[in-house]
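A.B. asks: What follows is a single structure, and I will ask about it in a moment.
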Amino acid sequence: MTAIPTALKSRPAAAFDVERIRADFPILKLRVGGKPLVYLDNAASSQMPQPVIDRLVRYQATQHANIHRAVHTLSETATSEYEEARRKLARFINAREEREVIFTSGTTESINLVMHGYGRKFIGAGDEIILTTLEHHSNIVPWQMLCEEKGAKIRVAPINDAGELLVEEYEKLFNERTRFIGVMHVSNALGTINPIRHMIAFAHARGVPVLIDGAQAAPHMQVDVQDLDCDFYAFSGHKLCGPTGIGILFGKAAALERMQPFKGGGDMILSVTFEKTTYNTIPHKFEAGTPPIAAAIGLGAAVDYLSAVGMDKIAAHELDLLNHATEQLNRMPGVRIIGTAEKKAAVLSFQVEGVHPHDVGTLLNQDGVAVRTGHHCAQPVMQRFGIPATSRASFAFYNTRAEVDALIAGIRNVQKVFS
Ligand SMILES: Cc1ncc(COP(=O)(O)O)c(C=O)c1O
């Protein structure tokens with residue numbers, strides 16, 4: 001049985017008015033196949049509240065122009081709104097300076113930026129990069145590409161049967177060739193919350209920089225990059241009630257300044273001749289071309305919204321949902337939870353005995369319940385558990401206990417259909 005984390009007992013969700021919050025999300029009123037939508041695919045993409053939708057419309061209707069390049073009023077307005085969004089993001093993660101926030105298209109691009117900007121400059125033949133079994137493909141494949149190009153090597157920190165990182169094994173992987181660490185804050189496949197603060201401190205004591213993939217953490221808990229002391233932190237807007245096509249890379253200013261640009265083009269330069277180009281200062285050095293201006297401003301509105309709800313309240317409510325779901329699934333014969341870490345975020349991967357996850361997802365969809373099925377872009381995790389796929393319910397702060405109950409009833413129905 002999965003232990004109920006003690007945090008829940010000290011932080012009941014009673015003060016949290018979920019119905020008022022739900023009223024802000026127009027999509028939650030949808031019906032699917034005649035049934036009320038029960039949206040439990042938030043780890044893939046979350047939904048957008050009306051204030052964020054309104055902000056996008058207002059920008060597009062009254063403020064849009066290209067940024068940074070003109071003196072006319074609209075361009076100045078768009079530029080200042082875009083830079084204001086950067087300030088909001090910096091505050092959201094407690095970055096020391098706003099120039100430490102680079103707008104990217106999302107977590108994947110952020111990690112690729114670090115690979116190209118840092119990895120290709122500072123990692124060479126025989127050097128080693130430590131990742132973990134838990135990583136999403138987007139924090140594996142770029143490093144494999146780098147290793148192929150440079151002759152460097154990936155070493156992998158393993159997990160136990162609960163899906164928890166084996167910290168001692170991680171520590172044993174360090175040697176004089178260790179140059180970089182890439183680790184996710186929260187596992188998208190299992191929900192495990194990694195002990196990243198310790199992992200970062202351990203790496204720093206050996207002079208090794210650390211990138212945190214925060215795609216599944218930033219939407220669900222307070223992130224403080226100064227407190228964590230990470231060198232890089234990446235996340236996506238669309239998992240955080242914001243638009244698609246936008247995300248950020250936080251990087252410590254000193255690291256970003258030492259890095260080479262990722263993409264070349266307009267805006268990332270100070271001067272260009274055919275003989276020589278001088279690059280712009282950070283963050284602009286890493287934002288070549290016209291950025292997704294509307295999406296960045298929308299993401300600024302999204303973090304305003306989340307901050308107004310309160311990240312601590314969000315974390316407590318989601319933990320309540322996770323515990324409610326875990327307790328019920330643990331009581332169901334023929335259902336196995338994959339990922340039973342002591343410290344988990346609101347991701348629940350499971351298997352129903354004798355039923356392919358795809359069939360589980362299809363039948364749940366007939367009940368209006370949206371879950372994800374598959375390998376969740378984490379095939380090494382699936383290999384570790386000897387399974388091809390799971391069904392995954394992932395909760396957001398606008399989900400309810402009644403929706404968890406609908407999931408459980410749906411799983412019972414799956415078992416009945418296949419009995
Ligand atoms: C842990 C993790 N990292 C990275 C990503 C990639 O995010 P994106 O597709 O928004 O770039 C995801 C998306 O599911 C994720 O869950």
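Residues are named by chain letter and number: chains run A, B, ... in the order of the structure tokens, numbers start at 1 in each chain, and ligands are numbered from 1 in the order shown.
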If DSSP is run on the backbone, what residues of segment 80-245 of chain A are helix (DSSP H, G or I)? A reply as a PyMOL selection string would be ideal.
C.D. replies: chain A and resi 80-92+98-100+107-122+137-139+141-150+167-172+196-204+225-228+237-239
A.B. asks: Could you please extract the residues within 7 Å of ligand 1, counting only C-alpha atoms and all ligand atoms, and hand them back as a list in words?
C.D. replies: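 If we count only C-alpha atoms and all ligand atoms, the neighbours of ligand 1 turn out to be Ala43, Ala44, Gly106, Thr107, Thr108, Glu109, Glu135, His136, Ser138, Asn139, Met184, Val186, Ser187, Asn188, Asp213, Gly214, Ala215, Gln216, Ser236 and His238 of chain A.
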A.B. asks: Hey, what does DSSP flag as strand (DSSP E) within segment 36-184 of chain A? Can you give it to me as an mmCIF file with N, CA, C and O atoms, in the first residue's frame?
C.D. replies:
```
data_model
loop_
_atom_site.group_PDB
_atom_site.id
_atom_site.type_symbol
_atom_site.label_atom_id
_atom_site.label_comp_id
_atom_site.auth_asym_id
_atom_site.auth_seq_id
_atom_site.Cartn_x
_atom_site.Cartn_y
_atom_site.Cartn_z
ATOM 1 N N PRO A 36 -20.516 14.272 -18.674
ATOM 2 C CA PRO A 36 -19.673 15.418 -18.295
ATOM 3 C C PRO A 36 -18.198 15.059 -18.453
ATOM 4 O O PRO A 36 -17.789 13.950 -18.095
ATOM 5 N N VAL A 38 -14.557 14.577 -17.620
ATOM 6 C CA VAL A 38 -13.697 14.437 -16.431
ATOM 7 C C VAL A 38 -12.266 14.451 -16.953
ATOM 8 O O VAL A 38 -11.767 13.446 -17.469
ATOM 9 N N TYR A 39 -11.637 15.598 -16.868
ATOM 10 C CA TYR A 39 -10.349 15.778 -17.538
ATOM 11 C C TYR A 39 -9.198 15.423 -16.589
ATOM 12 O O TYR A 39 -8.869 16.195 -15.676
ATOM 13 N N VAL A 101 15.626 34.571 -17.284
ATOM 14 C CA VAL A 101 14.473 33.864 -17.864
ATOM 15 C C VAL A 101 14.504 34.027 -19.385
ATOM 16 O O VAL A 101 14.404 35.137 -19.890
ATOM 17 N N ILE A 102 14.612 32.902 -20.079
ATOM 18 C CA ILE A 102 14.604 32.913 -21.554
ATOM 19 C C ILE A 102 13.302 32.283 -22.001
ATOM 20 O O ILE A 102 12.946 31.193 -21.542
ATOM 21 N N PHE A 103 12.588 32.972 -22.893
ATOM 22 C CA PHE A 103 11.388 32.358 -23.448
ATOM 23 C C PHE A 103 11.797 31.371 -24.541
ATOM 24 O O PHE A 103 12.603 31.688 -25.432
ATOM 25 N N THR A 104 11.237 30.167 -24.446
ATOM 26 C CA THR A 104 11.477 29.110 -25.442
ATOM 27 C C THR A 104 10.105 28.595 -25.886
ATOM 28 O O THR A 104 9.073 29.083 -25.410
ATOM 29 N N GLU A 128 31.418 12.728 -19.072
ATOM 30 C CA GLU A 128 30.222 11.966 -18.690
ATOM 31 C C GLU A 128 29.090 12.878 -18.238
ATOM 32 O O GLU A 128 29.310 13.894 -17.568
ATOM 33 N N ILE A 129 27.873 12.455 -18.618
ATOM 34 C CA ILE A 129 26.648 13.174 -18.247
ATOM 35 C C ILE A 129 25.806 12.195 -17.442
ATOM 36 O O ILE A 129 25.600 11.051 -17.880
ATOM 37 N N ILE A 130 25.308 12.623 -16.291
ATOM 38 C CA ILE A 130 24.463 11.727 -15.491
ATOM 39 C C ILE A 130 23.003 12.107 -15.685
ATOM 40 O O ILE A 130 22.613 13.281 -15.508
ATOM 41 N N LEU A 131 22.197 11.109 -16.055
ATOM 42 C CA LEU A 131 20.736 11.255 -16.142
ATOM 43 C C LEU A 131 20.133 10.223 -15.190
ATOM 44 O O LEU A 131 20.870 9.517 -14.507
ATOM 45 N N THR A 132 18.818 10.128 -15.148
ATOM 46 C CA THR A 132 18.188 9.089 -14.321
ATOM 47 C C THR A 132 17.258 8.247 -15.188
ATOM 48 O O THR A 132 16.803 8.701 -16.248
ATOM 49 N N LYS A 153 29.679 10.363 -22.814
ATOM 50 C CA LYS A 153 28.976 9.148 -22.384
ATOM 51 C C LYS A 153 27.877 9.496 -21.379
ATOM 52 O O LYS A 153 28.084 10.348 -20.510
ATOM 53 N N ILE A 154 26.739 8.805 -21.498
ATOM 54 C CA ILE A 154 25.654 9.000 -20.522
ATOM 55 C C ILE A 154 25.736 7.901 -19.468
ATOM 56 O O ILE A 154 25.914 6.724 -19.804
ATOM 57 N N ARG A 155 25.607 8.295 -18.207
ATOM 58 C CA ARG A 155 25.492 7.296 -17.136
ATOM 59 C C ARG A 155 24.136 7.511 -16.477
ATOM 60 O O ARG A 155 23.667 8.646 -16.369
ATOM 61 N N VAL A 156 23.513 6.408 -16.059
ATOM 62 C CA VAL A 156 22.111 6.494 -15.650
ATOM 63 C C VAL A 156 21.934 6.097 -14.186
ATOM 64 O O VAL A 156 22.290 4.980 -13.785
ATOM 65 N N ALA A 157 21.374 6.999 -13.402
ATOM 66 C CA ALA A 157 21.090 6.693 -11.996
ATOM 67 C C ALA A 157 19.793 5.877 -11.928
ATOM 68 O O ALA A 157 18.767 6.294 -12.466
ATOM 69 N N THR A 178 32.844 13.526 -14.782
ATOM 70 C CA THR A 178 31.443 13.977 -14.741
ATOM 71 C C THR A 178 31.374 15.471 -15.042
ATOM 72 O O THR A 178 32.019 16.278 -14.360
ATOM 73 N N ARG A 179 30.599 15.807 -16.073
ATOM 74 C CA ARG A 179 30.550 17.211 -16.512
ATOM 75 C C ARG A 179 29.177 17.858 -16.399
ATOM 76 O O ARG A 179 29.050 19.072 -16.439
ATOM 77 N N PHE A 180 28.111 17.019 -16.305
ATOM 78 C CA PHE A 180 26.775 17.615 -16.358
ATOM 79 C C PHE A 180 25.744 16.637 -15.783
ATOM 80 O O PHE A 180 25.869 15.424 -15.963
ATOM 81 N N ILE A 181 24.724 17.207 -15.115
ATOM 82 C CA ILE A 181 23.624 16.386 -14.575
ATOM 83 C C ILE A 181 22.315 16.897 -15.165
ATOM 84 O O ILE A 181 22.045 18.105 -15.154
ATOM 85 N N GLY A 182 21.487 15.967 -15.660
ATOM 86 C CA GLY A 182 20.136 16.314 -16.103
ATOM 87 C C GLY A 182 19.152 15.452 -15.337
ATOM 88 O O GLY A 182 19.214 14.225 -15.398
ATOM 89 N N VAL A 183 18.242 16.083 -14.597
ATOM 90 C CA VAL A 183 17.289 15.287 -13.797
ATOM 91 C C VAL A 183 15.941 15.991 -13.753
ATOM 92 O O VAL A 183 15.866 17.220 -13.702
ATOM 93 N N MET A 184 14.883 15.204 -13.785
ATOM 94 C CA MET A 184 13.549 15.798 -13.699
ATOM 95 C C MET A 184 13.182 16.036 -12.229
ATOM 96 O O MET A 184 13.594 15.274 -11.343
#
```
A.B. asks: Any idea what's packed within 9 Å of Leu321 of chain A, counting only C-alpha atoms, ignoring anything in its chain fewer than 4 positions away? Could you give it as a list in words?
C.D. replies: Ala316, His317, Ala325, Thr326, Ala346, Phe395, Ala396, Phe397, Asn399, Thr400, Arg401 and Val404 of chain A
A.B. asks: Please compute the atom CA of Lys263 of chain A-atom CA of Ala288 of chain A distance, one decimal, in Å.
C.D. replies: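 Computing it gives 6.0 Å between the two atoms.
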A.B. asks: Just want the 9 Å neighbourhood of Gly151 of chain A, counted on only C-alpha atoms, with same-chain residues fewer than 2 positions away dropped. Output as a ChimeraX atom specification.
C.D. replies: /A:124-127,146-149,153
A.B. asks: With distances taken over only C-alpha atoms, which residue among A:Gln47, A:Ser80, A:Asn94, A:Ser394 lies nearest Asp224 of chain A?
C.D. replies: A:Asn94
A.B. asks: Sort by chain and increasing residue number a table of all residues of segment 268-354 of chain A within 9 Å of segment 385-390 of chain A, each with its closest pair of atoms and their distance in Å to one decimal, counting only C-alpha atoms, and write it as JSON lines.
C.D. replies:
```
{"residue": "A:Ile338", "atom": "CA", "partner": "A:Thr390", "partner_atom": "CA", "distance": 7.8}
{"residue": "A:Ser349", "atom": "CA", "partner": "A:Thr390", "partner_atom": "CA", "distance": 5.9}
{"residue": "A:Phe350", "atom": "CA", "partner": "A:Thr390", "partner_atom": "CA", "distance": 5.7}
{"residue": "A:Gln351", "atom": "CA", "partner": "A:Thr390", "partner_atom": "CA", "distance": 5.7}
{"residue": "A:Val352", "atom": "CA", "partner": "A:Thr390", "partner_atom": "CA", "distance": 8.9}
```
A.B. asks: Any chance you could export the current selection's all heavy atoms as a PDB file, in the first residue's frame?
C.D. replies:
```
ATOM      1  N   ILE A 338       1.532   1.684 -10.669  1.00  0.00           N
ATOM      2  CA  ILE A 338       2.956   1.697 -11.052  1.00  0.00           C
ATOM      3  C   ILE A 338       3.512   3.035 -10.579  1.00  0.00           C
ATOM      4  O   ILE A 338       3.107   4.086 -11.078  1.00  0.00           O
ATOM      5  CB  ILE A 338       3.132   1.580 -12.584  1.00  0.00           C
ATOM      6  CG1 ILE A 338       2.301   0.435 -13.165  1.00  0.00           C
ATOM      7  CG2 ILE A 338       4.616   1.443 -12.941  1.00  0.00           C
ATOM      8  CD1 ILE A 338       2.744  -0.946 -12.768  1.00  0.00           C
ATOM      9  N   SER A 349      -0.235   6.313 -12.284  1.00  0.00           N
ATOM     10  CA  SER A 349      -0.123   5.342 -13.362  1.00  0.00           C
ATOM     11  C   SER A 349      -0.615   4.008 -12.831  1.00  0.00           C
ATOM     12  O   SER A 349      -0.292   3.626 -11.707  1.00  0.00           O
ATOM     13  CB  SER A 349       1.347   5.206 -13.791  1.00  0.00           C
ATOM     14  OG  SER A 349       1.616   5.932 -14.954  1.00  0.00           O
ATOM     15  N   PHE A 350      -1.368   3.293 -13.646  1.00  0.00           N
ATOM     16  CA  PHE A 350      -1.882   2.009 -13.157  1.00  0.00           C
ATOM     17  C   PHE A 350      -2.099   1.031 -14.312  1.00  0.00           C
ATOM     18  O   PHE A 350      -2.148   1.425 -15.481  1.00  0.00           O
ATOM     19  CB  PHE A 350      -3.193   2.210 -12.379  1.00  0.00           C
ATOM     20  CG  PHE A 350      -4.301   2.837 -13.186  1.00  0.00           C
ATOM     21  CD1 PHE A 350      -5.225   2.063 -13.878  1.00  0.00           C
ATOM     22  CD2 PHE A 350      -4.406   4.224 -13.275  1.00  0.00           C
ATOM     23  CE1 PHE A 350      -6.236   2.648 -14.630  1.00  0.00           C
ATOM     24  CE2 PHE A 350      -5.405   4.822 -14.028  1.00  0.00           C
ATOM     25  CZ  PHE A 350      -6.321   4.033 -14.712  1.00  0.00           C
ATOM     26  N   GLN A 351      -2.208  -0.234 -13.933  1.00  0.00           N
ATOM     27  CA  GLN A 351      -2.546  -1.270 -14.898  1.00  0.00           C
ATOM     28  C   GLN A 351      -3.749  -2.041 -14.392  1.00  0.00           C
ATOM     29  O   GLN A 351      -3.872  -2.299 -13.187  1.00  0.00           O
ATOM     30  CB  GLN A 351      -1.378  -2.241 -15.044  1.00  0.00           C
ATOM     31  CG  GLN A 351      -0.187  -1.629 -15.765  1.00  0.00           C
ATOM     32  CD  GLN A 351       0.715  -2.718 -16.306  1.00  0.00           C
ATOM     33  OE1 GLN A 351       1.128  -3.586 -15.541  1.00  0.00           O
ATOM     34  NE2 GLN A 351       1.015  -2.679 -17.588  1.00  0.00           N
ATOM     35  N   VAL A 352      -4.634  -2.399 -15.301  1.00  0.00           N
ATOM     36  CA  VAL A 352      -5.784  -3.239 -14.964  1.00  0.00           C
ATOM     37  C   VAL A 352      -5.471  -4.621 -15.527  1.00  0.00           C
ATOM     38  O   VAL A 352      -5.247  -4.763 -16.736  1.00  0.00           O
ATOM     39  CB  VAL A 352      -7.086  -2.672 -15.587  1.00  0.00           C
ATOM     40  CG1 VAL A 352      -8.272  -3.556 -15.203  1.00  0.00           C
ATOM     41  CG2 VAL A 352      -7.315  -1.223 -15.153  1.00  0.00           C
TER      42      VAL A 352
END
```
